[in-house]
file structure.txt (compact mmCIF, C-alpha atoms)
# COMPACT_ATOMS: atom_id res chain seq x y z
CA MET A 34 -28.34 32.34 -3.84
CA SER A 35 -27.77 29.76 -1.11
CA ARG A 36 -24.63 28.71 0.71
CA GLU A 37 -23.85 25.00 0.74
CA VAL A 38 -21.11 23.48 2.88
CA PHE A 39 -19.59 20.27 1.58
CA ARG A 40 -18.19 18.10 4.37
CA LEU A 41 -15.56 15.34 4.17
CA PRO A 42 -17.61 12.27 3.22
CA ASP A 43 -17.38 8.83 4.80
CA LEU A 44 -14.55 7.19 2.85
CA GLY A 45 -15.37 3.68 4.09
CA GLU A 46 -13.28 0.99 5.83
CA GLY A 47 -13.76 2.70 9.21
CA LEU A 48 -11.60 5.68 8.22
CA THR A 49 -12.18 8.68 10.46
CA GLU A 50 -9.94 11.37 8.98
CA ALA A 51 -7.89 12.42 5.95
CA GLU A 52 -5.11 14.89 5.18
CA VAL A 53 -5.75 17.56 2.56
CA VAL A 54 -3.01 17.08 -0.05
CA GLU A 55 -3.97 19.57 -2.75
CA TRP A 56 -6.90 21.81 -3.62
CA ARG A 57 -7.92 21.75 -7.28
CA VAL A 58 -10.00 24.95 -6.96
CA ALA A 59 -9.71 28.34 -5.25
CA ALA A 60 -12.13 30.89 -3.82
CA GLY A 61 -14.10 32.53 -6.64
CA ASP A 62 -13.91 29.52 -8.97
CA THR A 63 -17.06 28.03 -10.44
CA VAL A 64 -17.53 24.30 -9.82
CA ALA A 65 -19.82 21.78 -11.48
CA VAL A 66 -21.56 18.72 -10.05
CA ASP A 67 -19.14 15.79 -9.65
CA GLN A 68 -16.08 17.96 -10.33
CA VAL A 69 -12.99 16.84 -8.39
CA VAL A 70 -12.18 19.72 -6.03
CA VAL A 71 -9.59 18.24 -3.67
CA GLU A 72 -7.15 15.37 -3.25
CA VAL A 73 -6.94 13.88 0.24
CA GLU A 74 -4.81 11.09 1.68
CA THR A 75 -6.18 8.61 4.19
CA ALA A 76 -4.40 5.85 6.07
CA LYS A 77 -5.19 3.63 3.10
CA ALA A 78 -4.66 5.59 -0.10
CA ALA A 79 -4.86 8.94 -1.88
CA VAL A 80 -8.41 9.81 -2.96
CA GLU A 81 -9.76 12.45 -5.37
CA VAL A 82 -12.99 13.87 -3.92
CA PRO A 83 -15.74 15.25 -6.19
CA ILE A 84 -18.28 17.81 -5.01
CA PRO A 85 -21.97 16.84 -5.20
CA PHE A 86 -23.33 20.27 -6.15
CA ALA A 87 -22.51 23.27 -8.35
CA GLY A 88 -21.86 26.90 -7.62
CA THR A 89 -19.16 29.47 -6.85
CA VAL A 90 -16.49 28.64 -4.29
CA VAL A 91 -16.81 30.93 -1.27
CA GLU A 92 -14.31 29.36 1.12
CA LEU A 93 -11.80 26.52 1.38
CA CYS A 94 -12.41 25.42 4.95
CA ALA A 95 -9.26 23.33 5.37
CA PRO A 96 -5.81 24.41 4.11
CA ALA A 97 -3.48 21.99 2.35
CA GLY A 98 -1.60 19.93 4.90
CA SER A 99 -4.33 19.94 7.52
CA VAL A 100 -6.01 16.82 8.88
CA VAL A 101 -9.82 16.82 8.57
CA ALA A 102 -12.25 14.55 10.40
CA VAL A 103 -15.05 12.80 8.52
CA GLY A 104 -18.05 15.14 8.60
CA ALA A 105 -15.96 18.30 9.05
CA PRO A 106 -16.38 21.19 6.54
CA LEU A 107 -14.22 21.04 3.43
CA ILE A 108 -15.52 23.73 1.09
CA ALA A 109 -18.33 26.28 1.00
CA VAL A 110 -20.15 27.03 -2.27
CA ASP A 111 -22.66 29.73 -3.13
CA GLY A 112 -25.47 28.82 -5.53
CA GLY A 113 -25.86 25.13 -4.67
CA GLY A 114 -28.94 23.38 -3.45
CA SER A 115 -29.09 20.41 -5.79
CA GLY A 116 -26.62 17.76 -6.79
CA ASN A 117 -25.64 14.13 -6.81
CA VAL A 118 -24.79 11.56 -4.19
CA LEU A 119 -21.05 10.84 -4.07
CA ILE A 120 -20.83 7.38 -5.61
CA GLY A 121 -18.47 5.16 -3.65
CA TYR A 122 -18.08 7.51 -0.68
CA GLY A 123 -21.45 7.78 1.04
CA THR A 124 -23.09 10.91 2.39
CA SER A 125 -24.07 9.77 5.85
CA GLY A 126 -24.24 12.57 8.39
CA ALA A 127 -23.34 10.24 11.25
CA HIS A 128 -20.01 11.96 11.75
CA ALA A 129 -21.22 15.51 11.18
CA GLY A 130 -21.55 16.25 14.88
CA THR A 131 -18.13 14.88 15.73
CA THR A 132 -15.68 17.47 16.99
CA ARG A 133 -11.99 16.85 16.41
CA ARG A 134 -9.13 19.21 17.08
CA ARG A 135 -7.06 19.92 13.99
CA ARG A 136 -3.40 20.77 14.33
CA ALA A 137 -2.69 24.47 13.98
CA ALA A 138 -2.01 25.52 10.39
CA LYS A 139 1.53 26.57 9.61
CA PRO A 140 1.97 30.10 8.26
CA GLN A 141 2.60 28.88 4.72
CA GLU A 142 -0.59 26.82 4.72
CA THR A 143 -2.79 29.87 5.15
CA THR A 144 -1.49 31.54 1.99
CA GLU A 145 -0.55 28.52 -0.11
CA ALA A 146 -3.89 28.24 -1.90
CA ALA A 147 -3.43 31.65 -3.60
CA VAL A 148 0.18 31.05 -4.74
CA ARG A 149 0.79 30.06 -8.38
CA VAL A 150 2.38 26.62 -8.22
CA ILE A 151 1.78 24.01 -10.92
CA SER A 152 3.22 20.88 -9.33
CA PRO A 153 1.84 19.30 -6.13
CA VAL A 154 5.35 17.92 -5.62
CA VAL A 155 6.60 21.49 -5.20
CA ARG A 156 3.91 22.19 -2.61
CA ARG A 157 4.79 19.06 -0.63
CA LEU A 158 8.51 19.90 -0.77
CA ALA A 159 7.80 23.36 0.63
CA ARG A 160 5.57 21.99 3.41
CA THR A 161 8.16 19.38 4.40
CA HIS A 162 10.86 22.01 4.85
CA GLY A 163 8.64 24.74 6.32
CA ILE A 164 9.02 27.10 3.36
CA ASP A 165 6.34 29.83 2.95
CA LEU A 166 5.55 29.84 -0.77
CA ALA A 167 4.12 33.35 -0.56
CA THR A 168 7.60 34.72 0.27
CA LEU A 169 9.32 33.23 -2.79
CA THR A 170 10.12 35.01 -6.05
CA PRO A 171 8.88 32.78 -8.92
CA SER A 172 11.32 32.00 -11.71
CA GLY A 173 9.04 29.86 -13.85
CA SER A 174 7.28 31.01 -16.99
CA GLY A 175 4.20 33.11 -16.28
CA GLY A 176 5.16 33.77 -12.67
CA ILE A 177 4.98 30.13 -11.59
CA ILE A 178 6.94 28.90 -8.56
CA VAL A 179 8.98 25.87 -9.59
CA ARG A 180 11.04 23.30 -7.71
CA ARG A 181 14.32 25.21 -8.04
CA ASP A 182 12.73 28.19 -6.24
CA VAL A 183 11.86 26.02 -3.25
CA GLU A 184 15.24 24.27 -3.27
CA ALA A 185 17.01 27.63 -3.30
CA ALA A 186 14.96 28.74 -0.28
CA ILE A 187 15.79 25.50 1.53
CA SER A 188 19.53 25.96 0.96
CA ALA A 189 19.30 29.55 2.26
CA VAL A 190 17.83 28.50 5.60
CA PRO A 191 20.54 28.22 8.29
CA GLN A 192 20.79 24.62 9.50
CA LEU A 193 21.52 23.89 13.14
CA GLU A 194 24.37 21.43 13.58
CA SER A 195 22.16 19.02 15.49
CA ALA A 196 19.10 19.46 13.28
CA GLY A 197 18.04 17.07 10.51
CA LEU A 198 15.23 16.54 8.06
CA ARG A 199 11.92 15.79 9.78
CA ILE A 200 9.43 13.83 7.70
CA PRO A 201 5.93 13.58 9.22
CA LEU A 202 4.44 10.09 9.49
CA ARG A 203 1.09 10.54 7.77
CA GLY A 204 -1.35 8.64 5.62
CA VAL A 205 -0.09 5.31 4.31
CA ARG A 206 3.29 5.59 6.04
CA ARG A 207 1.70 6.20 9.43
CA ALA A 208 -0.75 3.31 9.02
CA MET A 209 2.04 0.93 8.00
CA ALA A 210 4.27 2.07 10.87
CA GLU A 211 1.49 1.47 13.39
CA LYS A 212 0.69 -1.95 11.94
CA LEU A 213 4.30 -3.14 11.90
CA SER A 214 4.89 -1.88 15.45
CA ARG A 215 1.81 -3.75 16.64
CA SER A 216 2.93 -6.90 14.85
CA ARG A 217 6.39 -6.83 16.42
CA ALA A 218 4.91 -6.13 19.87
CA GLU A 219 2.18 -8.81 19.81
CA ILE A 220 3.39 -11.68 17.62
CA PRO A 221 6.17 -14.05 18.79
CA GLU A 222 7.60 -14.60 15.34
CA ALA A 223 10.32 -16.91 14.10
CA THR A 224 11.97 -17.22 10.68
CA THR A 225 13.35 -20.18 8.76
CA TRP A 226 14.84 -20.23 5.28
CA VAL A 227 16.07 -22.52 2.50
CA ASP A 228 17.78 -22.22 -0.89
CA ALA A 229 15.85 -23.51 -3.91
CA ASP A 230 16.73 -24.22 -7.53
CA ALA A 231 14.33 -22.07 -9.57
CA THR A 232 15.63 -23.17 -12.98
CA ALA A 233 12.55 -25.26 -13.77
CA LEU A 234 10.20 -22.51 -12.60
CA LEU A 235 11.83 -19.99 -14.92
CA ALA A 236 11.62 -22.50 -17.78
CA MET A 237 7.90 -23.06 -17.13
CA ARG A 238 7.28 -19.32 -17.08
CA ALA A 239 9.10 -18.88 -20.38
CA ALA A 240 7.09 -21.71 -21.96
CA VAL A 241 3.77 -20.31 -20.73
CA ASN A 242 4.59 -16.80 -21.92
CA ARG A 243 5.32 -18.00 -25.44
CA THR A 244 1.58 -18.54 -25.92
CA ALA A 245 -0.02 -16.36 -23.22
CA ALA A 246 -2.11 -13.39 -24.33
CA ASP A 247 -0.56 -11.28 -21.54
CA PRO A 248 2.78 -11.95 -19.82
CA ILE A 249 2.59 -14.05 -16.66
CA SER A 250 4.82 -12.57 -13.95
CA LEU A 251 7.03 -14.60 -11.66
CA MET A 252 4.96 -13.21 -8.77
CA ALA A 253 1.87 -14.90 -10.23
CA PHE A 254 3.62 -18.28 -10.15
CA LEU A 255 4.77 -17.65 -6.57
CA ALA A 256 1.23 -16.60 -5.62
CA ARG A 257 -0.11 -19.85 -7.10
CA ILE A 258 2.47 -21.79 -5.07
CA CYS A 259 1.37 -19.96 -1.89
CA VAL A 260 -2.25 -20.95 -2.53
CA ALA A 261 -1.21 -24.60 -2.96
CA ALA A 262 0.90 -24.53 0.20
CA LEU A 263 -1.92 -23.04 2.27
CA ARG A 264 -4.22 -25.83 1.13
CA ARG A 265 -1.59 -28.34 2.25
CA PHE A 266 -0.93 -26.57 5.58
CA PRO A 267 -4.21 -24.82 6.55
CA GLU A 268 -3.03 -24.29 10.15
CA LEU A 269 -0.73 -21.56 8.85
CA HIS A 270 -3.63 -19.82 7.14
CA SER A 271 -5.06 -18.32 10.32
CA PHE A 272 -4.89 -15.65 12.99
CA VAL A 273 -4.89 -15.61 16.79
CA ASP A 274 -8.01 -14.22 18.50
CA THR A 275 -6.38 -13.14 21.76
CA GLU A 276 -9.65 -12.07 23.41
CA ARG A 277 -11.17 -15.54 23.03
CA ALA A 278 -7.87 -17.45 23.21
CA GLU A 279 -8.56 -19.17 19.88
CA ILE A 280 -6.71 -19.83 16.64
CA VAL A 281 -9.09 -19.04 13.78
CA GLN A 282 -8.46 -20.64 10.37
CA PHE A 283 -9.55 -18.83 7.21
CA SER A 284 -11.71 -20.56 4.60
CA HIS A 285 -10.61 -18.24 1.78
CA VAL A 286 -7.26 -16.89 0.59
CA HIS A 287 -7.01 -13.11 0.37
CA LEU A 288 -3.39 -12.86 -0.72
CA GLY A 289 -1.46 -9.73 0.21
CA PHE A 290 1.78 -8.77 -1.49
CA ALA A 291 4.28 -6.11 -0.53
CA ALA A 292 4.58 -3.21 -2.99
CA GLN A 293 6.91 -0.24 -2.80
CA THR A 294 5.28 3.07 -3.81
CA PRO A 295 6.21 6.77 -3.69
CA ARG A 296 4.06 6.99 -0.54
CA GLY A 297 5.91 4.10 1.12
CA LEU A 298 5.33 0.38 1.56
CA VAL A 299 1.77 -0.85 1.05
CA VAL A 300 0.29 -4.34 0.94
CA PRO A 301 -2.41 -4.64 -1.75
CA VAL A 302 -4.70 -7.65 -1.37
CA VAL A 303 -5.87 -9.99 -4.15
CA ARG A 304 -9.17 -11.25 -2.84
CA ASP A 305 -10.21 -14.90 -3.35
CA ALA A 306 -6.82 -15.83 -4.79
CA HIS A 307 -7.69 -19.51 -4.35
CA GLU A 308 -10.44 -19.22 -6.98
CA ARG A 309 -8.30 -17.50 -9.64
CA THR A 310 -6.41 -19.04 -12.52
CA LEU A 311 -2.74 -18.31 -13.08
CA ALA A 312 -3.61 -15.72 -15.73
CA GLU A 313 -6.21 -14.12 -13.44
CA LEU A 314 -3.68 -13.92 -10.61
CA ALA A 315 -1.17 -12.26 -12.94
CA ALA A 316 -3.75 -9.71 -14.10
CA ALA A 317 -4.85 -8.89 -10.54
CA LEU A 318 -1.27 -8.49 -9.31
CA ARG A 319 -0.46 -6.20 -12.23
CA GLU A 320 -3.58 -4.04 -11.79
CA HIS A 321 -3.15 -3.73 -8.02
CA THR A 322 0.53 -2.80 -8.34
CA GLU A 323 -0.19 -0.06 -10.88
CA ALA A 324 -3.02 1.34 -8.76
CA ALA A 325 -0.90 1.24 -5.59
CA ARG A 326 1.92 3.19 -7.24
CA ALA A 327 -0.56 5.73 -8.61
CA GLY A 328 -2.20 6.09 -5.19
CA THR A 329 -5.62 5.11 -6.55
CA LEU A 330 -6.05 1.69 -4.95
CA GLU A 331 -9.46 1.33 -3.31
CA PRO A 332 -9.43 0.88 0.50
CA ARG A 333 -11.05 -2.58 0.20
CA HIS A 334 -7.98 -3.75 -1.72
CA LEU A 335 -5.68 -2.70 1.12
CA THR A 336 -7.35 -4.59 3.96
CA GLY A 337 -8.51 -8.09 4.82
CA GLY A 338 -5.41 -10.04 3.81
CA THR A 339 -4.97 -13.57 5.19
CA PHE A 340 -1.39 -14.30 4.02
CA THR A 341 1.38 -12.11 2.58
CA LEU A 342 3.97 -12.70 -0.16
CA ASN A 343 7.04 -10.44 -0.13
CA ASN A 344 9.31 -10.54 -3.18
CA TYR A 345 12.21 -8.48 -1.82
CA GLY A 346 14.44 -10.00 -4.49
CA VAL A 347 13.40 -7.15 -6.80
CA PHE A 348 15.65 -4.92 -4.66
CA GLY A 349 18.67 -7.09 -5.46
CA VAL A 350 18.94 -8.79 -2.06
CA ASP A 351 19.24 -12.49 -1.32
CA GLY A 352 17.31 -12.84 1.92
CA GLY A 353 15.58 -11.21 4.85
CA ALA A 354 13.35 -11.69 7.86
CA PRO A 355 10.32 -9.46 7.18
CA ILE A 356 7.77 -8.56 9.83
CA ILE A 357 4.44 -10.40 9.74
CA ASN A 358 1.52 -8.33 8.47
CA HIS A 359 -0.70 -8.21 11.60
CA PRO A 360 -2.98 -10.03 12.34
CA GLU A 361 -1.88 -12.73 9.88
CA ALA A 362 0.12 -15.74 11.06
CA ALA A 363 2.78 -16.05 8.38
CA LEU A 364 4.66 -14.42 5.51
CA LEU A 365 6.75 -15.86 2.66
CA GLY A 366 9.79 -13.92 1.46
CA VAL A 367 11.56 -14.50 -1.85
CA GLY A 368 15.09 -13.32 -2.62
CA ARG A 369 16.65 -12.58 -5.99
CA ILE A 370 17.22 -15.42 -8.46
CA VAL A 371 20.89 -15.61 -9.46
CA PRO A 372 23.22 -18.16 -11.12
CA ARG A 373 24.96 -20.30 -8.50
CA PRO A 374 26.84 -23.61 -8.37
CA TRP A 375 24.40 -26.45 -7.61
CA VAL A 376 24.73 -30.21 -7.44
CA VAL A 377 22.43 -32.01 -9.92
CA ASP A 378 22.49 -35.82 -10.05
CA GLY A 379 25.88 -35.86 -8.38
CA GLU A 380 27.39 -33.36 -10.79
CA LEU A 381 28.21 -29.71 -10.24
CA ALA A 382 26.20 -27.36 -12.44
CA VAL A 383 25.25 -23.69 -12.67
CA ARG A 384 21.58 -23.20 -11.79
CA SER A 385 19.22 -20.29 -11.10
CA VAL A 386 18.92 -20.27 -7.31
CA THR A 387 16.80 -18.24 -4.90
CA GLN A 388 16.58 -18.05 -1.12
CA LEU A 389 13.14 -18.48 0.44
CA SER A 390 12.36 -17.27 3.95
CA PHE A 391 9.29 -18.07 6.00
CA THR A 392 8.30 -15.97 9.01
CA PHE A 393 5.57 -17.45 11.20
CA ASP A 394 3.63 -16.87 14.42
CA HIS A 395 5.00 -19.42 16.90
CA ARG A 396 1.66 -19.46 18.72
CA VAL A 397 0.05 -21.00 15.63
CA CYS A 398 2.53 -23.77 14.90
CA ASP A 399 5.91 -25.19 15.79
CA GLY A 400 9.06 -25.32 13.70
CA GLY A 401 8.14 -28.70 12.22
CA THR A 402 4.98 -27.40 10.56
CA ALA A 403 6.68 -24.21 9.41
CA GLY A 404 9.57 -26.24 8.01
CA GLY A 405 7.11 -28.51 6.19
CA PHE A 406 5.38 -25.50 4.64
CA LEU A 407 8.64 -23.97 3.47
CA ARG A 408 9.95 -27.28 2.13
CA PHE A 409 6.73 -27.73 0.14
CA VAL A 410 7.14 -24.23 -1.34
CA ALA A 411 10.76 -24.98 -2.24
CA ASP A 412 9.74 -28.27 -3.85
CA CYS A 413 7.16 -26.43 -5.96
CA VAL A 414 9.78 -23.89 -7.04
CA GLU A 415 12.11 -26.74 -8.07
CA ASP A 416 9.32 -28.83 -9.61
CA PRO A 417 6.53 -26.34 -10.48
CA TYR A 418 4.17 -29.03 -11.82
CA ARG A 419 3.76 -30.15 -8.22
CA MET A 420 1.65 -27.05 -7.46
CA MET A 421 -0.98 -28.26 -9.92
CA LEU A 422 -1.85 -31.14 -7.58
CA PHE A 423 -3.17 -28.78 -4.89

call {"tool": "encode", "arguments": {"input": "structure.txt", "output": "structure tokens"}}
result
Amino acid sequence: MSREVFRLPDLGEGLTEAEVVEWRVAAGDTVAVDQVVVEVETAKAAVEVPIPFAGTVVELCAPAGSVVAVGAPLIAVDGGGSGNVLIGYGTSGAHAGTTRRRRAAKPQETTEAAVRVISPVVRRLARTHGIDLATLTPSGSGGIIVRRDVEAAISAVPQLESAGLRIPLRGVRRAMAEKLSRSRAEIPEATTWVDADATALLAMRAAVNRTAADPISLMAFLARICVAALRRFPELHSFVDTERAEIVQFSHVHLGFAAQTPRGLVVPVVRDAHERTLAELAAALREHTEAARAGTLEPRHLTGGTFTLNNYGVFGVDGGAPIINHPEAALLGVGRIVPRPWVVDGELAVRSVTQLSFTFDHRVCDGGTAGGFLRFVADCVEDPYRMMLF
């Protein structure tokens, strides 16, 4: 029998650490090659990690809730010695010698792995409120601790008048918070907006979907308009290299779009959007959104964006001034589409109207160029056949 220690593998994209969300095995369990043993969350996404060898679990080296550096021990197995390479993660030992101080484990984290809890949501709820699962009396069938057990314990804890709920900034939320803070600190942004009649755009979408194999979303049409606008105004498709005092224009469109998920706001990226058809854009947007909400989006689809589209209209709001996704130079926001009075050929009519906002880096262009970009987008919304010319 030989003892094998499986270390946190290199998860790519320059990631250096991950938080242990949930163990799928316990000490004494038998594991097989490529069996998923733990779920971790990086600054990019949640990842299920398989083990590359088989054997009996001797030790879980990192309790749930702890932050583990790449190359640090995750799990020890007796009876290993042969196995597979982790496809998609890499097994480089470059980080194995790195030492990194982990935060001290809370009392409940040391006993949590042996407590019978079915739902990872229940574990996270307990960790958030500092509840030791080992002290609870289970009320679920078969001696399982359920959500109501944790909620009852939370309500029984005396609350200081000045105290409130503390939610740690970790994983995706922490990465987004850092990025938005950097954007606001470094980019002198400005925002302009305009109302647009989207009646013709909605009519085109309805006509296309009558014959399309899969439904084409409104976001796909807006993404296609963004691609056309960036071709017309390439100076806005860039970033500022502050070290070399240069504005660098991109030759390709990697289109990011804001997506709300249970883990917070993320910006999935559709790579090479300029080479995709309308149907291909719709498929990519749909697949990326589903993966983002499930927490399974690959890190390469969360980085490298060159322009961002934010459809905050899905939240029922008309307008906003969103923060630029650093280091990009601009962001298009789209409000809800609602019936409003509109003048058409000198006559008052009810039309489907939306508000478009455009936030831009003032180092890259002046208000004239930004206004031209936004006016072009609005013209495409009002006359969607115009986008086909670019």

call {"tool": "closest_atom_pairs", "arguments": {"input": "structure.txt", "of": "range 151-221 of chain A", "to": "range 296-304 of chain A", "cutoff": "9 Å", "atoms": "all atoms listed in the file", "output": "JSON lines"}}
result
{"residue": "A:Gly204", "atom": "CA", "partner": "A:Arg296", "partner_atom": "CA", "distance": 8.4}
{"residue": "A:Val205", "atom": "CA", "partner": "A:Arg296", "partner_atom": "CA", "distance": 6.6}
{"residue": "A:Arg206", "atom": "CA", "partner": "A:Gly297", "partner_atom": "CA", "distance": 5.8}
{"residue": "A:Met209", "atom": "CA", "partner": "A:Val299", "partner_atom": "CA", "distance": 7.2}

call {"tool": "residues_around", "arguments": {"input": "structure.txt", "residues": "range 234-237 of chain A", "least_positions_apart": "2", "cutoff": "7 Å", "atoms": "all atoms listed in the file", "output": "PyMOL selection string"}}
result
chain A and resi 231-232+239-241+414-415+417

call {"tool": "write_last_selection", "arguments": {"input": "structure.txt", "atoms": "C-alpha atoms", "output": "mmCIF file, in the frame of the given file"}}
result
data_model
loop_
_atom_site.group_PDB
_atom_site.id
_atom_site.type_symbol
_atom_site.label_atom_id
_atom_site.label_comp_id
_atom_site.auth_asym_id
_atom_site.auth_seq_id
_atom_site.Cartn_x
_atom_site.Cartn_y
_atom_site.Cartn_z
ATOM 1 C CA ALA A 231 14.330 -22.070 -9.570
ATOM 2 C CA THR A 232 15.630 -23.170 -12.980
ATOM 3 C CA ALA A 239 9.100 -18.880 -20.380
ATOM 4 C CA ALA A 240 7.090 -21.710 -21.960
ATOM 5 C CA VAL A 241 3.770 -20.310 -20.730
ATOM 6 C CA VAL A 414 9.780 -23.890 -7.040
ATOM 7 C CA GLU A 415 12.110 -26.740 -8.070
ATOM 8 C CA PRO A 417 6.530 -26.340 -10.480
#

call {"tool": "residues_around", "arguments": {"input": "structure.txt", "residues": "Val350 in chain A", "least_positions_apart": "2", "cutoff": "12 Å", "atoms": "all atoms listed in the file", "output": "PDB file with C-alpha atoms, in the coordinates of the input"}}
result
ATOM      1  CA  ASN A 344       9.310 -10.540  -3.180  1.00  0.00           C
ATOM      2  CA  TYR A 345      12.210  -8.480  -1.820  1.00  0.00           C
ATOM      3  CA  GLY A 346      14.440 -10.000  -4.490  1.00  0.00           C
ATOM      4  CA  VAL A 347      13.400  -7.150  -6.800  1.00  0.00           C
ATOM      5  CA  PHE A 348      15.650  -4.920  -4.660  1.00  0.00           C
ATOM      6  CA  GLY A 352      17.310 -12.840   1.920  1.00  0.00           C
ATOM      7  CA  GLY A 353      15.580 -11.210   4.850  1.00  0.00           C
ATOM      8  CA  ALA A 354      13.350 -11.690   7.860  1.00  0.00           C
ATOM      9  CA  GLY A 366       9.790 -13.920   1.460  1.00  0.00           C
ATOM     10  CA  VAL A 367      11.560 -14.500  -1.850  1.00  0.00           C
ATOM     11  CA  GLY A 368      15.090 -13.320  -2.620  1.00  0.00           C
ATOM     12  CA  ARG A 369      16.650 -12.580  -5.990  1.00  0.00           C
ATOM     13  CA  ILE A 370      17.220 -15.420  -8.460  1.00  0.00           C
ATOM     14  CA  VAL A 371      20.890 -15.610  -9.460  1.00  0.00           C
ATOM     15  CA  THR A 387      16.800 -18.240  -4.900  1.00  0.00           C
ATOM     16  CA  GLN A 388      16.580 -18.050  -1.120  1.00  0.00           C
ATOM     17  CA  LEU A 389      13.140 -18.480   0.440  1.00  0.00           C
TER      18      LEU A 389
END

call {"tool": "atom_distance", "arguments": {"input": "structure.txt", "atom1": "CA of Ile220 in chain A", "atom2": "CA of Asp351 in chain A"}}
result
24.7 Å

call {"tool": "atom_distance", "arguments": {"input": "structure.txt", "atom1": "CA of Phe272 in chain A", "atom2": "CA of Phe340 in chain A"}}
result
9.7 Å

call {"tool": "closest_residue", "arguments": {"input": "structure.txt", "among": "A:Gln293, A:Thr339, A:Thr170, A:Ser271", "to": "Glu323 in chain A", "atoms": "only C-alpha atoms"}}
result
A:Gln293

call {"tool": "residues_around", "arguments": {"input": "structure.txt", "residues": "range 244-248 of chain A", "least_positions_apart": "2", "cutoff": "9 Å", "atoms": "only C-alpha atoms", "output": "list in words"}}
result
Ala240, Val241, Asn242, Ser250, Ala312, Ala315 and Ala316 of chain A

call {"tool": "atom_distance", "arguments": {"input": "structure.txt", "atom1": "CA of Ala411 in chain A", "atom2": "CA of Pro374 in chain A"}}
result
17.3 Å

call {"tool": "closest_residue", "arguments": {"input": "structure.txt", "among": "A:Asp416, A:Glu380, A:Glu72, A:Glu55", "to": "Ile258 in chain A", "atoms": "all atoms listed in the file"}}
result
A:Asp416

call {"tool": "closest_residue", "arguments": {"input": "structure.txt", "among": "A:Glu74, A:Asp230, A:Glu211, A:Asp111", "to": "Asp62 in chain A", "atoms": "only C-alpha atoms"}}
result
A:Asp111

call {"tool": "residues_around", "arguments": {"input": "structure.txt", "residues": "Val103 in chain A", "least_positions_apart": "3", "cutoff": "6 Å", "atoms": "all atoms listed in the file", "output": "JSON list (two decimals) with C-alpha atoms, keeping the file's coordinate frame"}}
result
[["chain", "number", "residue", "atom", "x", "y", "z"],
["A", 41, "LEU", "CA", -15.56, 15.34, 4.17],
["A", 42, "PRO", "CA", -17.61, 12.27, 3.22],
["A", 43, "ASP", "CA", -17.38, 8.83, 4.80],
["A", 49, "THR", "CA", -12.18, 8.68, 10.46],
["A", 50, "GLU", "CA", -9.94, 11.37, 8.98],
["A", 128, "HIS", "CA", -20.01, 11.96, 11.75]]

call {"tool": "closest_atom_pairs", "arguments": {"input": "structure.txt", "of": "range 350-413 of chain A", "to": "range 252-256 of chain A", "cutoff": "10 Å", "atoms": "all atoms listed in the file", "output": "JSON lines"}}
result
{"residue": "A:Leu365", "atom": "CA", "partner": "A:Leu255", "partner_atom": "CA", "distance": 9.6}
{"residue": "A:Val367", "atom": "CA", "partner": "A:Leu255", "partner_atom": "CA", "distance": 8.8}
{"residue": "A:Val410", "atom": "CA", "partner": "A:Leu255", "partner_atom": "CA", "distance": 8.7}
{"residue": "A:Cys413", "atom": "CA", "partner": "A:Leu255", "partner_atom": "CA", "distance": 9.1}

call {"tool": "residues_around", "arguments": {"input": "structure.txt", "residues": "Glu361 in chain A", "least_positions_apart": "2", "cutoff": "10 Å", "atoms": "only C-alpha atoms", "output": "PyMOL selection string"}}
result
chain A and resi 216+220+269-273+337-341+357-359+363-364+393-394
